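A.B. asks: Have a look at this one before I ask anything.
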Amino acid sequence: MKISNSQFTRYEENNNVWLSQKSGEEFNFTDYGIVPTVLGSEAAVGQAMLNELYKTAASKEGDINIALLGGRGAQELHRLLGDLAKSTEQDHLLARLNVFTQDALAPLSMNNGLSFVRDFERILGDAFFKKIKSFTPIQTDTEDLESALVQYLTKLEELGGLDIFFIGHGPEENHASHLAYIKPFSGAKSEHIAGIIPISNSILEHHISKFKAGGSLINESDEKECRSAKYILTLGPAAILQAKKIVQSVVDADSAPAKVQTYANVINTQLSSDTDQLLQQLNANPGLWIRLHSNTKSFVLPNLGL
């Protein structure tokens with residue numbers, strides 16, 4: 001597909017498709033590092049994430065745009081939000097929320113138990129979705145994935161971008177990691193706001209295992225359809241870097257022990273002062289992109305061994 005009459009431009013390399021926005025500004029590759037906050041329980045992580053939402057709500061007027069984190073990382077946050085939605089305590093806050101998903105496997109029917117949308121509905125509950133201002137998932141059940149992604153990005157742009165990007169940390173081979181679903185060696189650059197990249201077996205296994213670990217009810221046909229997915233649709237580095245705040249959570253090192261090393265690599269890797277070499281580092285280990293955001297909170301559990 002050729003994107004016409006659009007604010008987004010298309011870049012393709014090795015079957016990876018990335019969409020970007022035209023900008024005359026060069027990105028400032030400043031390393032802000034990561035200082036993790038170690039909390040005693042998954043519930044404490046969820047409360048800390050909710051507190052960050054409260055801080056944002058108190059610091060601005062009007063809508064609040066957030067990207068939900070799927071899998072285990074934010075389940076406690078979602079339970080807290082679901083409980084709040086059952087009361088009237090935070091109706092004024094919920095009514096301000098424009099909620100976006102951040103990644104998806106495709107093609108995949110939207111009612112598949114392994115889709116993030118179904119998992120969000122399961123934990124957040126009907127009351128939450130009735131009370132928020134809007135919910136915008138990445139469409140995964142269309143033949144024209146690029147057009148669907150452009151429509152999604154257009155809405156996000158019209159609403160002013162993300163106030164909070166709730167993000168996780170996914171392990172990859174060679175002690176690398178992904179953010180959202182930005183894969184190693186997928187060619188993601190600082191101007192790329194979203195992409196469609198070929199899927200890998202490691203991503204499929206990680207996706208399915210984290211859903212099972214999180215308690216999702218998955219039938220055989222759902223898993224079969226999921227294993228037939230061909231692409232990952234994901235927000236890219238530009239969406240991460242342009243968000244006003246990044247809130248990361250890493251809570252599942254017990255069920256995904258590779259995260260002990262991969263998260264340590266994100267914290268401890270020496271980033272090159274040479275831009276070309278730094279871009280190579282980021283391409284090999286996209287988990288490092290979070291180091292380039294000046295307003296990041298990273299909430300983790302003691303099982304990371306920090």
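Chains: A, B, ... in order of the structure tokens. Residues: from 1 per chain. Ligands: from 1, in order shown.
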For Glu13 in chain A, list every protein, DNA or RNA residue within 9 Å, evaluated using only C-alpha atoms, and leave out those in the same chain fewer than 5 positions away; present the list as an MDAnalysis selection string.

C.D. replies: chainID A and resid 18 186:187

A.B. asks: Would you kindly return, as an MDAnalysis selection string, each protein, DNA or RNA residue with an atom no farther than 7 Å from any atom of range 93-103 of chain A, considering only C-alpha atoms and excluding same-chain residues fewer than 5 positions away?

C.D. replies: chainID A and resid 62:68 131:138 180:181 233:235

A.B. asks: What separation in Å, quoted to one decimal, exists between CA of Leu153 in chain A and CA of Gln248 in chain A?

C.D. replies: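 Interatomic distance, CA of Leu153 in chain A to CA of Gln248 in chain A: 21.8 Å.
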
A.B. asks: Which neighbours of Val35 in chain A fall inside 12 Å, counting only C-alpha atoms, when residues of the same chain fewer than 2 positions from it are skipped, and could you give them as a PyMOL selection string?

C.D. replies: chain A and resi 32-33+37-38+248+263-264+266-268+290-291+294-300+306

A.B. asks: Emit the selected residues as an mmCIF file, in the first residue's frame, including C-alpha atoms.

C.D. replies:
data_model
loop_
_atom_site.group_PDB
_atom_site.id
_atom_site.type_symbol
_atom_site.label_atom_id
_atom_site.label_comp_id
_atom_site.auth_asym_id
_atom_site.auth_seq_id
_atom_site.Cartn_x
_atom_site.Cartn_y
_atom_site.Cartn_z
ATOM 1 C CA TYR A 32 19.237 9.772 30.723
ATOM 2 C CA GLY A 33 19.838 6.290 32.116
ATOM 3 C CA THR A 37 12.355 1.591 41.766
ATOM 4 C CA VAL A 38 12.253 -1.813 43.481
ATOM 5 C CA GLN A 248 7.618 0.918 32.930
ATOM 6 C CA TYR A 263 16.857 -5.818 32.065
ATOM 7 C CA ALA A 264 20.335 -5.601 33.604
ATOM 8 C CA VAL A 266 19.312 -2.104 29.583
ATOM 9 C CA ILE A 267 20.510 -0.506 32.800
ATOM 10 C CA ASN A 268 24.215 -1.212 32.458
ATOM 11 C CA ILE A 290 13.863 3.887 27.092
ATOM 12 C CA ARG A 291 17.220 5.292 28.172
ATOM 13 C CA SER A 294 13.981 12.235 30.172
ATOM 14 C CA ASN A 295 10.844 11.404 32.200
ATOM 15 C CA THR A 296 10.817 7.675 32.912
ATOM 16 C CA LYS A 297 9.755 5.658 35.930
ATOM 17 C CA SER A 298 10.688 1.970 36.027
ATOM 18 C CA PHE A 299 8.934 -0.088 38.712
ATOM 19 C CA VAL A 300 10.308 -3.589 39.276
ATOM 20 C CA LEU A 306 18.932 -5.704 41.545
#

A.B. asks: Find the spatial neighbours of Leu282 in chain A, counting only C-alpha atoms, within a cut-off of 12 Å - ignore same-chain residues fewer than 5 positions away - and output them as a PyMOL selection string.

C.D. replies: chain A and resi 29+31+176-179+182-190+237+266+269-272+275-277+287-292

A.B. asks: Which is closer to Glu173 in chain A than all the others in A:Thr154, A:Ile203, A:Thr9, A:Lys210, using only C-alpha atoms?

C.D. replies: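 Looking only at the distances to Glu173 in chain A, the closest residue turns out to be A:Ile203.
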
A.B. asks: Need the shell around Gly46 in chain A: protein/DNA/RNA residues with any atom at most 6 Å away, counting only C-alpha atoms. Skip same-chain ones fewer than 2 positions apart. Format as a list in words?

C.D. replies: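 Result of the neighbour search: Ala43, Ala44, Ala48, Met49, Glu76 and Leu77 of chain A.
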
A.B. asks: Pick out each residue of range 39-286 of chain A that DSSP on the backbone tags as alpha helix (DSSP H); I need them as a ChimeraX atom specification.

C.D. replies: /A:42-59,75-86,91-94,116-124,126-131,145-158,201-213,220-227,237-242,259-268,275-284

A.B. asks: Would you return as a PyMOL selection string the members of range 12-243 of chain A that DSSP assigns to strand (DSSP E) on this structure's backbone?

C.D. replies: chain A and resi 12-13+16-21+37-38+64-67+97-100+103-106+134-136+164-167+170-171+177-178+192-198+231-235

A.B. asks: Just want the 7 Å neighbourhood of Ser216 in chain A, counted on only C-alpha atoms, with same-chain residues fewer than 3 positions away dropped. Output as a ChimeraX atom specification.

C.D. replies: /A:119,211-212

A.B. asks: Compare A:Gly160, A:Gly125, A:Pro198, A:Gly40 by their minimum atom-to-atom distance to Lys86 in chain A, counting only C-alpha atoms, and give me the closest one.

C.D. replies: A:Gly125
